[in-house]
Each structure stands twice: as structure tokens, then as C-alpha cells.
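Q: Just one file: my_file.pdb, with PDB, C-alpha atoms.
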ATOM      1  CA  MET A   1      26.600  25.834 -14.933  1.00  0.00           C
ATOM      2  CA  ASP A   2      24.910  26.013 -18.381  1.00  0.00           C
ATOM      3  CA  CYS A   3      21.243  26.954 -18.876  1.00  0.00           C
ATOM      4  CA  GLY A   4      20.144  23.386 -19.745  1.00  0.00           C
ATOM      5  CA  THR A   5      21.625  21.935 -16.565  1.00  0.00           C
ATOM      6  CA  SER A   6      20.067  24.662 -14.429  1.00  0.00           C
ATOM      7  CA  MET A   7      16.690  23.985 -16.013  1.00  0.00           C
ATOM      8  CA  VAL A   8      16.978  20.229 -15.333  1.00  0.00           C
ATOM      9  CA  LYS A   9      18.034  21.026 -11.765  1.00  0.00           C
ATOM     10  CA  TYR A  10      14.951  23.133 -11.036  1.00  0.00           C
ATOM     11  CA  ILE A  11      12.613  20.770 -12.883  1.00  0.00           C
ATOM     12  CA  LEU A  12      13.911  17.892 -10.737  1.00  0.00           C
ATOM     13  CA  PHE A  13      13.505  19.969  -7.573  1.00  0.00           C
ATOM     14  CA  ILE A  14       9.902  20.971  -8.442  1.00  0.00           C
ATOM     15  CA  PHE A  15       9.127  17.400  -9.536  1.00  0.00           C
ATOM     16  CA  ASN A  16      10.338  15.956  -6.215  1.00  0.00           C
ATOM     17  CA  THR A  17       8.519  18.619  -4.218  1.00  0.00           C
ATOM     18  CA  ILE A  18       5.255  17.592  -5.904  1.00  0.00           C
ATOM     19  CA  VAL A  19       6.024  13.885  -5.371  1.00  0.00           C
ATOM     20  CA  SER A  20       6.799  14.593  -1.687  1.00  0.00           C
ATOM     21  CA  ILE A  21       3.403  16.266  -1.293  1.00  0.00           C
ATOM     22  CA  ILE A  22       1.731  13.253  -2.951  1.00  0.00           C
ATOM     23  CA  GLY A  23       3.628  10.957  -0.566  1.00  0.00           C
ATOM     24  CA  ILE A  24       2.509  13.002   2.460  1.00  0.00           C
ATOM     25  CA  LEU A  25      -1.101  12.938   1.214  1.00  0.00           C
ATOM     26  CA  SER A  26      -0.837   9.145   0.818  1.00  0.00           C
ATOM     27  CA  ILE A  27       0.313   8.847   4.432  1.00  0.00           C
ATOM     28  CA  VAL A  28      -2.522  11.091   5.652  1.00  0.00           C
ATOM     29  CA  TYR A  29      -5.091   9.169   3.584  1.00  0.00           C
ATOM     30  CA  GLY A  30      -3.776   5.829   4.887  1.00  0.00           C
ATOM     31  CA  VAL A  31      -3.914   7.084   8.479  1.00  0.00           C
ATOM     32  CA  LEU A  32      -7.506   8.282   8.007  1.00  0.00           C
ATOM     33  CA  ILE A  33      -8.549   4.897   6.589  1.00  0.00           C
ATOM     34  CA  LEU A  34      -6.737   3.105   9.407  1.00  0.00           C
ATOM     35  CA  LYS A  35      -8.460   5.363  11.937  1.00  0.00           C
ATOM     36  CA  SER A  36     -11.873   4.651  10.389  1.00  0.00           C
ATOM     37  CA  ILE A  37     -11.201   0.898  10.610  1.00  0.00           C
ATOM     38  CA  GLY A  38      -9.980   1.243  14.178  1.00  0.00           C
ATOM     39  CA  PRO A  39      -7.943  -1.162  16.304  1.00  0.00           C
ATOM     40  CA  ILE A  40      -9.429  -4.317  17.803  1.00  0.00           C
ATOM     41  CA  GLU A  41      -8.788  -5.837  21.212  1.00  0.00           C
ATOM     42  CA  VAL A  42      -8.819  -9.595  21.744  1.00  0.00           C
ATOM     43  CA  ASN A  43      -7.840 -11.177  25.053  1.00  0.00           C
ATOM     44  CA  GLY A  44      -6.187  -7.951  26.168  1.00  0.00           C
ATOM     45  CA  GLN A  45      -4.078  -7.635  22.999  1.00  0.00           C
ATOM     46  CA  VAL A  46      -4.648  -4.669  20.697  1.00  0.00           C
ATOM     47  CA  GLY A  47      -4.121  -4.896  16.934  1.00  0.00           C
ATOM     48  CA  PHE A  48      -5.698  -4.187  13.570  1.00  0.00           C
ATOM     49  CA  PRO A  49      -8.147  -6.409  11.642  1.00  0.00           C
ATOM     50  CA  PRO A  50      -7.097  -8.002   8.290  1.00  0.00           C
ATOM     51  CA  GLN A  51      -8.656  -5.214   6.170  1.00  0.00           C
ATOM     52  CA  ALA A  52      -6.119  -2.777   7.650  1.00  0.00           C
ATOM     53  CA  LEU A  53      -3.454  -4.305   5.383  1.00  0.00           C
ATOM     54  CA  MET A  54      -4.075  -1.907   2.467  1.00  0.00           C
ATOM     55  CA  PRO A  55      -3.834   1.375   4.439  1.00  0.00           C
ATOM     56  CA  ILE A  56      -0.709   0.091   6.236  1.00  0.00           C
ATOM     57  CA  ILE A  57       0.902  -0.614   2.837  1.00  0.00           C
ATOM     58  CA  LEU A  58      -0.197   2.856   1.660  1.00  0.00           C
ATOM     59  CA  ILE A  59       1.390   4.525   4.704  1.00  0.00           C
ATOM     60  CA  SER A  60       4.619   2.545   4.257  1.00  0.00           C
ATOM     61  CA  LEU A  61       4.846   3.332   0.538  1.00  0.00           C
ATOM     62  CA  GLY A  62       4.097   7.019   1.178  1.00  0.00           C
ATOM     63  CA  SER A  63       6.897   7.181   3.770  1.00  0.00           C
ATOM     64  CA  ILE A  64       9.402   5.634   1.346  1.00  0.00           C
ATOM     65  CA  VAL A  65       8.340   8.055  -1.415  1.00  0.00           C
ATOM     66  CA  VAL A  66       8.773  11.075   0.905  1.00  0.00           C
ATOM     67  CA  PHE A  67      12.270   9.926   1.918  1.00  0.00           C
ATOM     68  CA  ILE A  68      13.407   9.329  -1.679  1.00  0.00           C
ATOM     69  CA  SER A  69      11.887  12.633  -2.877  1.00  0.00           C
ATOM     70  CA  PHE A  70      13.652  14.526  -0.075  1.00  0.00           C
ATOM     71  CA  LEU A  71      16.932  12.973  -1.179  1.00  0.00           C
ATOM     72  CA  GLY A  72      16.210  14.068  -4.760  1.00  0.00           C
ATOM     73  CA  CYS A  73      15.419  17.645  -3.694  1.00  0.00           C
ATOM     74  CA  CYS A  74      18.651  17.907  -1.696  1.00  0.00           C
ATOM     75  CA  GLY A  75      20.699  16.409  -4.520  1.00  0.00           C
ATOM     76  CA  ALA A  76      19.216  18.824  -7.065  1.00  0.00           C
ATOM     77  CA  ILE A  77      19.654  21.989  -4.980  1.00  0.00           C
ATOM     78  CA  ARG A  78      23.172  21.123  -3.793  1.00  0.00           C
ATOM     79  CA  GLU A  79      24.143  19.840  -7.265  1.00  0.00           C
ATOM     80  CA  SER A  80      25.574  16.764  -5.574  1.00  0.00           C
ATOM     81  CA  VAL A  81      26.398  13.929  -7.958  1.00  0.00           C
ATOM     82  CA  CYS A  82      26.531  11.435  -5.070  1.00  0.00           C
ATOM     83  CA  MET A  83      23.108  12.401  -3.653  1.00  0.00           C
ATOM     84  CA  THR A  84      21.493  12.639  -7.086  1.00  0.00           C
ATOM     85  CA  MET A  85      22.779   9.208  -8.145  1.00  0.00           C
ATOM     86  CA  SER A  86      21.753   7.732  -4.777  1.00  0.00           C
ATOM     87  CA  TYR A  87      18.284   9.168  -5.413  1.00  0.00           C
ATOM     88  CA  ALA A  88      18.266   7.632  -8.911  1.00  0.00           C
ATOM     89  CA  VAL A  89      19.314   4.216  -7.579  1.00  0.00           C
ATOM     90  CA  PHE A  90      16.653   4.246  -4.814  1.00  0.00           C
ATOM     91  CA  LEU A  91      14.078   5.359  -7.374  1.00  0.00           C
ATOM     92  CA  LEU A  92      15.080   2.559  -9.750  1.00  0.00           C
ATOM     93  CA  ILE A  93      14.807  -0.057  -6.970  1.00  0.00           C
ATOM     94  CA  LEU A  94      11.372   1.265  -5.998  1.00  0.00           C
ATOM     95  CA  LEU A  95      10.313   1.289  -9.654  1.00  0.00           C
ATOM     96  CA  ILE A  96      11.395  -2.352 -10.148  1.00  0.00           C
ATOM     97  CA  LEU A  97       9.630  -3.467  -6.953  1.00  0.00           C
ATOM     98  CA  GLN A  98       6.414  -1.693  -7.965  1.00  0.00           C
ATOM     99  CA  LEU A  99       6.588  -3.096 -11.500  1.00  0.00           C
ATOM    100  CA  THR A 100       7.048  -6.611 -10.091  1.00  0.00           C
ATOM    101  CA  LEU A 101       4.105  -6.130  -7.725  1.00  0.00           C
ATOM    102  CA  VAL A 102       1.836  -4.789 -10.499  1.00  0.00           C
ATOM    103  CA  ILE A 103       2.743  -7.727 -12.799  1.00  0.00           C
ATOM    104  CA  LEU A 104       2.065 -10.204  -9.972  1.00  0.00           C
ATOM    105  CA  LEU A 105      -1.313  -8.593  -9.253  1.00  0.00           C
ATOM    106  CA  PHE A 106      -2.275  -8.760 -12.932  1.00  0.00           C
ATOM    107  CA  THR A 107      -1.110 -12.355 -13.496  1.00  0.00           C
ATOM    108  CA  ASN A 108      -2.008 -13.953 -10.152  1.00  0.00           C
ATOM    109  CA  LYS A 109      -5.497 -12.646  -9.428  1.00  0.00           C
ATOM    110  CA  GLU A 110      -6.856 -16.108  -8.557  1.00  0.00           C
ATOM    111  CA  LYS A 111      -3.911 -16.889  -6.266  1.00  0.00           C
ATOM    112  CA  PHE A 112      -4.340 -13.519  -4.555  1.00  0.00           C
ATOM    113  CA  GLU A 113      -8.046 -14.191  -3.946  1.00  0.00           C
ATOM    114  CA  ASN A 114      -7.289 -17.675  -2.594  1.00  0.00           C
ATOM    115  CA  ALA A 115      -4.614 -16.250  -0.272  1.00  0.00           C
ATOM    116  CA  MET A 116      -7.067 -13.646   1.069  1.00  0.00           C
ATOM    117  CA  GLY A 117      -9.695 -16.357   1.513  1.00  0.00           C
ATOM    118  CA  ASN A 118      -7.209 -18.484   3.435  1.00  0.00           C
ATOM    119  CA  VAL A 119      -6.664 -15.599   5.883  1.00  0.00           C
ATOM    120  CA  ILE A 120     -10.326 -15.832   6.912  1.00  0.00           C
ATOM    121  CA  GLU A 121     -10.429 -19.638   6.878  1.00  0.00           C
ATOM    122  CA  ASN A 122      -7.343 -19.850   9.086  1.00  0.00           C
ATOM    123  CA  ALA A 123      -8.810 -17.281  11.486  1.00  0.00           C
ATOM    124  CA  TRP A 124     -12.041 -19.321  11.666  1.00  0.00           C
ATOM    125  CA  MET A 125     -10.240 -22.608  12.355  1.00  0.00           C
ATOM    126  CA  ALA A 126      -7.806 -21.045  14.850  1.00  0.00           C
ATOM    127  CA  ASP A 127     -10.566 -19.424  16.918  1.00  0.00           C
ATOM    128  CA  THR A 128     -12.165 -22.264  18.865  1.00  0.00           C
ATOM    129  CA  THR A 129     -14.618 -20.064  20.773  1.00  0.00           C
ATOM    130  CA  HIS A 130     -15.820 -17.872  17.843  1.00  0.00           C
ATOM    131  CA  LYS A 131     -17.890 -15.821  20.292  1.00  0.00           C
ATOM    132  CA  ASP A 132     -16.036 -12.883  21.876  1.00  0.00           C
ATOM    133  CA  GLY A 133     -12.851 -14.059  20.165  1.00  0.00           C
ATOM    134  CA  VAL A 134     -10.784 -12.994  17.153  1.00  0.00           C
ATOM    135  CA  PHE A 135     -13.380 -14.086  14.622  1.00  0.00           C
ATOM    136  CA  ASP A 136     -16.185 -12.301  16.424  1.00  0.00           C
ATOM    137  CA  THR A 137     -14.136  -9.110  16.156  1.00  0.00           C
ATOM    138  CA  ILE A 138     -13.605  -9.722  12.426  1.00  0.00           C
ATOM    139  CA  GLN A 139     -17.356 -10.177  12.008  1.00  0.00           C
ATOM    140  CA  LYS A 140     -18.054  -6.896  13.756  1.00  0.00           C
ATOM    141  CA  SER A 141     -15.485  -5.106  11.627  1.00  0.00           C
ATOM    142  CA  LEU A 142     -16.526  -6.565   8.243  1.00  0.00           C
ATOM    143  CA  HIS A 143     -20.261  -7.019   8.993  1.00  0.00           C
ATOM    144  CA  CYS A 144     -20.112 -10.667   8.001  1.00  0.00           C
ATOM    145  CA  CYS A 145     -20.979 -14.060   9.485  1.00  0.00           C
ATOM    146  CA  GLY A 146     -18.991 -17.285   9.643  1.00  0.00           C
ATOM    147  CA  SER A 147     -16.229 -18.302   7.291  1.00  0.00           C
ATOM    148  CA  SER A 148     -18.520 -19.047   4.323  1.00  0.00           C
ATOM    149  CA  SER A 149     -21.931 -18.197   5.791  1.00  0.00           C
ATOM    150  CA  ALA A 150     -24.076 -18.443   8.929  1.00  0.00           C
ATOM    151  CA  LEU A 151     -24.370 -22.174   8.202  1.00  0.00           C
ATOM    152  CA  ASP A 152     -20.845 -22.599   9.589  1.00  0.00           C
ATOM    153  CA  TYR A 153     -22.274 -21.963  13.064  1.00  0.00           C
ATOM    154  CA  VAL A 154     -25.183 -24.286  12.412  1.00  0.00           C
ATOM    155  CA  ALA A 155     -22.800 -27.067  11.329  1.00  0.00           C
ATOM    156  CA  LYS A 156     -20.952 -26.704  14.655  1.00  0.00           C
ATOM    157  CA  GLY A 157     -24.198 -26.661  16.604  1.00  0.00           C
ATOM    158  CA  GLU A 158     -23.521 -23.148  17.899  1.00  0.00           C
ATOM    159  CA  LEU A 159     -25.886 -20.216  18.276  1.00  0.00           C
ATOM    160  CA  LEU A 160     -25.204 -17.224  16.063  1.00  0.00           C
ATOM    161  CA  PRO A 161     -23.505 -14.323  17.894  1.00  0.00           C
ATOM    162  CA  SER A 162     -25.044 -10.865  17.639  1.00  0.00           C
ATOM    163  CA  SER A 163     -22.175  -9.806  15.335  1.00  0.00           C
ATOM    164  CA  CYS A 164     -23.653 -12.104  12.661  1.00  0.00           C
ATOM    165  CA  CYS A 165     -26.862 -10.139  12.233  1.00  0.00           C
ATOM    166  CA  SER A 166     -28.010  -6.641  11.332  1.00  0.00           C
ATOM    167  CA  GLY A 167     -30.910  -7.025  13.750  1.00  0.00           C
ATOM    168  CA  SER A 168     -32.498 -10.000  15.442  1.00  0.00           C
ATOM    169  CA  CYS A 169     -30.716 -13.275  14.655  1.00  0.00           C
ATOM    170  CA  LEU A 170     -34.108 -15.014  14.795  1.00  0.00           C
ATOM    171  CA  ASN A 171     -34.799 -13.625  11.321  1.00  0.00           C
ATOM    172  CA  PRO A 172     -32.605 -15.254   8.602  1.00  0.00           C
ATOM    173  CA  ALA A 173     -33.036 -12.134   6.442  1.00  0.00           C
ATOM    174  CA  ASN A 174     -30.837 -10.273   8.947  1.00  0.00           C
ATOM    175  CA  TYR A 175     -27.866 -12.613   8.542  1.00  0.00           C
ATOM    176  CA  TYR A 176     -24.706 -11.046   7.138  1.00  0.00           C
ATOM    177  CA  PRO A 177     -22.922 -12.814   4.237  1.00  0.00           C
ATOM    178  CA  GLY A 178     -19.856 -14.994   4.811  1.00  0.00           C
ATOM    179  CA  CYS A 179     -16.601 -13.327   5.838  1.00  0.00           C
ATOM    180  CA  ARG A 180     -14.482 -15.134   3.244  1.00  0.00           C
ATOM    181  CA  GLY A 181     -16.373 -13.736   0.255  1.00  0.00           C
ATOM    182  CA  LYS A 182     -16.669 -10.271   1.768  1.00  0.00           C
ATOM    183  CA  PHE A 183     -12.975 -10.058   2.642  1.00  0.00           C
ATOM    184  CA  ILE A 184     -11.956 -11.263  -0.830  1.00  0.00           C
ATOM    185  CA  LYS A 185     -14.232  -8.656  -2.418  1.00  0.00           C
ATOM    186  CA  LEU A 186     -12.781  -5.900  -0.225  1.00  0.00           C
ATOM    187  CA  MET A 187      -9.146  -6.824  -0.856  1.00  0.00           C
ATOM    188  CA  THR A 188      -9.688  -7.425  -4.584  1.00  0.00           C
ATOM    189  CA  ALA A 189     -11.175  -3.933  -4.948  1.00  0.00           C
ATOM    190  CA  GLY A 190      -8.142  -2.540  -3.126  1.00  0.00           C
ATOM    191  CA  SER A 191      -5.724  -4.508  -5.326  1.00  0.00           C
ATOM    192  CA  GLU A 192      -7.484  -3.301  -8.504  1.00  0.00           C
ATOM    193  CA  ASN A 193      -6.966   0.305  -7.415  1.00  0.00           C
ATOM    194  CA  ALA A 194      -3.378  -0.488  -6.401  1.00  0.00           C
ATOM    195  CA  LYS A 195      -2.579  -1.855  -9.872  1.00  0.00           C
ATOM    196  CA  TYR A 196      -3.534   1.318 -11.731  1.00  0.00           C
ATOM    197  CA  VAL A 197      -2.088   3.645  -9.096  1.00  0.00           C
ATOM    198  CA  GLY A 198       1.112   1.588  -9.335  1.00  0.00           C
ATOM    199  CA  ILE A 199       1.243   2.035 -13.128  1.00  0.00           C
ATOM    200  CA  GLY A 200       0.873   5.796 -12.684  1.00  0.00           C
ATOM    201  CA  LEU A 201       3.636   5.881 -10.063  1.00  0.00           C
ATOM    202  CA  ILE A 202       5.950   3.841 -12.297  1.00  0.00           C
ATOM    203  CA  GLY A 203       5.520   6.412 -15.078  1.00  0.00           C
ATOM    204  CA  VAL A 204       6.196   9.309 -12.696  1.00  0.00           C
ATOM    205  CA  GLU A 205       9.223   7.592 -11.152  1.00  0.00           C
ATOM    206  CA  LEU A 206      10.648   6.795 -14.584  1.00  0.00           C
ATOM    207  CA  ILE A 207      10.539  10.507 -15.473  1.00  0.00           C
ATOM    208  CA  GLY A 208      12.265  11.364 -12.194  1.00  0.00           C
ATOM    209  CA  PHE A 209      14.928   8.713 -12.827  1.00  0.00           C
ATOM    210  CA  ILE A 210      15.698  10.108 -16.294  1.00  0.00           C
ATOM    211  CA  PHE A 211      15.964  13.701 -15.021  1.00  0.00           C
ATOM    212  CA  ALA A 212      18.174  12.603 -12.111  1.00  0.00           C
ATOM    213  CA  CYS A 213      20.581  10.768 -14.426  1.00  0.00           C
ATOM    214  CA  CYS A 214      20.710  13.758 -16.786  1.00  0.00           C
ATOM    215  CA  LEU A 215      21.441  16.174 -13.929  1.00  0.00           C
ATOM    216  CA  ALA A 216      24.114  13.952 -12.379  1.00  0.00           C
ATOM    217  CA  ASN A 217      25.810  13.487 -15.749  1.00  0.00           C
ATOM    218  CA  ASN A 218      25.736  17.229 -16.546  1.00  0.00           C
ATOM    219  CA  VAL A 219      27.071  18.208 -13.105  1.00  0.00           C
ATOM    220  CA  ARG A 220      29.867  15.613 -13.360  1.00  0.00           C
ATOM    221  CA  ASN A 221      30.884  16.857 -16.814  1.00  0.00           C
ATOM    222  CA  TYR A 222      30.759  20.496 -15.632  1.00  0.00           C
ATOM    223  CA  LYS A 223      33.056  19.727 -12.695  1.00  0.00           C
ATOM    224  CA  ARG A 224      35.457  17.826 -14.943  1.00  0.00           C
ATOM    225  CA  ARG A 225      35.698  20.739 -17.390  1.00  0.00           C
ATOM    226  CA  ASN A 226      36.374  23.192 -14.533  1.00  0.00           C
ATOM    227  CA  ALA A 227      39.067  20.922 -13.150  1.00  0.00           C
ATOM    228  CA  TYR A 228      41.298  21.655 -16.148  1.00  0.00           C
TER
END
Write out the structure in this file as C-alpha cells.
A:
Amino acid sequence: MDCGTSMVKYILFIFNTIVSIIGILSIVYGVLILKSIGPIEVNGQVGFPPQALMPIILISLGSIVVFISFLGCCGAIRESVCMTMSYAVFLLILLILQLTLVILLFTNKEKFENAMGNVIENAWMADTTHKDGVFDTIQKSLHCCGSSSALDYVAKGELLPSSCCSGSCLNPANYYPGCRGKFIKLMTAGSENAKYVGIGLIGVELIGFIFACCLANNVRNYKRRNAY
């Protein structure tokens, strides 16, 4: 094995070790966020509120990155053309998916906000009781009130639940803002961070893809030369 190939091999191994650590940190960070949000229980069923979507995506993406990086490390150390090319293919698929997602986030900001708003509106319309139901749990989690505002309860002739207020609900100054606007703001902030993190990951993955292809090609040529 020539010096250049050996160097590419160890660079790829170190690169994937670092990426694996980043993936593990992403999983840990996502778990910590998910733990801080906490599960909710409605009618005996336990689940996570809508704002848990971002950390769940982060945990899933981190797990995929760790798996692909492990494959890259094994392929580099064992000098396996099959494993290295499999790593490159998985990396390319992940890169394309992330690039597509980043482009969609940049070009469909209004659609994304409307979709997030519809999540809250659908939850409001589906929950007929509002008090001690799914929407009450959302209000407690997001510190918000009603779909658009506290006036949603007034329009239905219902009293405001305690989850709508930071103190006494007799004082309008204590009313929380509407859940739709607050959820959109929360998810938009998360998507803005996701866009730029995604661009960074695409750059890193592209470097890994190039090194993997170089290593696989060099190892294949080396084996062919030794075969004669």
C-alpha cells in the first residue's frame, strides 16, 4: 500500500471518528431537550407534545450519522472496497436528502409556517373539551392560550382554564399569547438553526464522500496490480 493511500485511509478513519462523536453528541443533546420537554399524558395515553418534533428528528439524524460513520471507520481500517463504497453510497443518499430538506426549508418558509399553524388549529378543533384534554396539555407545555388567543374561549362561551394564565385568570394581563403564533415561532426558530446546521453537515459529508471514493479506488487499483 503506497504512502498516499495510507494517508487517505487514516484521514478517513479520523474524520469518521470525529463525525461519530458529533453524532453521539447530537443524540445526547436531543435526549436532553426531549427530557426537558417531558412526556404528556392525556386520557391514560402517554406521548410527546408537538414541540418535541425537532429533538426527535435530531436524535434520528444523529443515529443515522453514527451508523454511517461506523461503517466508514470499518471500511477504512479493513481496507474493504465493498464497505468503503457502501459507506460512500449511504453518505451520498444522506447528503442528497439533507440538501433537499435545506432547499425546501429555504424556499417554502410560508408553507412550513402554515403547516405548523395547522397542527395547532387541528388540535384545537379536535379537542372538544379543551379543559383537561390534549389542548390543555399543549397550553401547559407551551405557556399559551387558545388557538389564536384567549378570545377563542370567549367565543365558545367557556371559562379560561388555569393553563391559560401566568397567575389569576381574572386579570387579562396574565393571559398567555395564542398557541398558534407561539408554536410557529418555536418551530421556525428550530428550522432556521436546522438550515445552517444542514449546510455545514453537507459540506462535511461531501469531504467524507470524496475521501471514501479516493480510498476505494486506490485500494481496488492496488489489489489489481498485486493480482498480476
Q: What residues come out when you apply the PyMOL selection byres ((chain A and resi 205) around 10) to this file, written as a PyMOL selection string?
A: chain A and resi 15-16+19+65+88+91-92+94-95+199-204+206-211
Q: Between region 62-135 of chain A and region 177-191 of chain A, at 12 Å or less, what are the per-residue closest atom pairs and their distances in Å? Count all atoms listed in the file, order by chain and rising residue number, and return it as a Markdown table.
A:
| residue | atom | partner | partner_atom | distance |
| --- | --- | --- | --- | --- |
| A:Leu101 | CA | A:Ser191 | CA | 10.2 |
| A:Val102 | CA | A:Ser191 | CA | 9.2 |
| A:Ile103 | CA | A:Ser191 | CA | 11.7 |
| A:Leu104 | CA | A:Ser191 | CA | 10.7 |
| A:Leu105 | CA | A:Ser191 | CA | 7.2 |
| A:Phe106 | CA | A:Ser191 | CA | 9.4 |
| A:Asn108 | CA | A:Ser191 | CA | 11.2 |
| A:Lys109 | CA | A:Thr188 | CA | 8.3 |
| A:Glu110 | CA | A:Thr188 | CA | 10.0 |
| A:Lys111 | CA | A:Thr188 | CA | 11.2 |
| A:Phe112 | CA | A:Thr188 | CA | 8.1 |
| A:Glu113 | CA | A:Ile184 | CA | 5.8 |
| A:Asn114 | CA | A:Ile184 | CA | 8.1 |
| A:Ala115 | CA | A:Ile184 | CA | 8.9 |
| A:Met116 | CA | A:Ile184 | CA | 5.8 |
| A:Gly117 | CA | A:Arg180 | CA | 5.2 |
| A:Asn118 | CA | A:Arg180 | CA | 8.0 |
| A:Val119 | CA | A:Arg180 | CA | 8.3 |
| A:Ile120 | CA | A:Arg180 | CA | 5.6 |
| A:Glu121 | CA | A:Arg180 | CA | 7.1 |
| A:Asn122 | CA | A:Arg180 | CA | 10.4 |
| A:Ala123 | CA | A:Arg180 | CA | 10.2 |
| A:Trp124 | CA | A:Cys179 | CA | 9.5 |
| A:Phe135 | CA | A:Cys179 | CA | 9.4 |
Q: Quick check, in Å to one decimal: how far apart do CA of Ile33 (chain A) and CA of Ala52 (chain A) lie?
A: 8.1 Å
Q: Pick from A:Leu159, A:Leu71, A:Ile77, A:Ile64: nearest to Met7 (chain A), with only C-alpha atoms counted?
A: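 Nearest to Met7 (chain A): A:Ile77.
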Q: Can you pull out every residue within 10 Å of Ile56 (chain A), counting all atoms listed in the file, but drop anything in the same chain fewer than 2 positions away, and send it as a list in words?
A: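 Using all atoms listed in the file, the neighbours found are Ile27, Gly30, Val31, Ile33, Leu34, Phe48, Gln51, Ala52, Leu53, Met54, Leu58, Ile59, Ser60, Leu61 and Gly62 of chain A.
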Q: To one decimal place, how far is CA of Cys82 (chain A) from CA of Tyr10 (chain A) in Å?
A: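 Straight-line distance from CA of Cys82 (chain A) to CA of Tyr10 (chain A) works out to 17.5 Å.
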Q: From the options A:Leu32, A:Leu151, A:Ile14, A:Ala216, which residue's atoms come nearest to Tyr176 (chain A), counting all atoms listed in the file?
A: A:Leu151
Q: As an exercise, work out the distance from CA of Cys164 (chain A) to CA of Ala126 (chain A) in Å and give it to one decimal place.
A: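 One can read the CA of Cys164 (chain A) to CA of Ala126 (chain A) distance as 18.3 Å.
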Q: Quick one: of A:Val66, A:Val8, A:Gly72, A:Lys140, who's nearest to Val219 (chain A), counting all atoms listed in the file?
A: A:Val8
Q: Using all atoms listed in the file, find the one residue out of A:Val28, A:Ser166, A:Met125, A:Gln98 that sits nearest to Gly146 (chain A).
A: A:Met125
Q: Go through A:Gly198, A:Arg78, A:Ser6, A:Phe13 one by one, measure the shortest atom-to-atom distance of each to Thr100 (chain A) using all atoms listed in the file, and give the residue with the smallest value.
A: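 Ranked by minimum distance to Thr100 (chain A), first place goes to A:Gly198.
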Q: Cys169 (chain A): which residues within 12 Å, counting only C-alpha atoms, same-chain residues fewer than 5 positions away excluded, as a PyMOL selection string?
A: chain A and resi 145+150+159-164+174-176
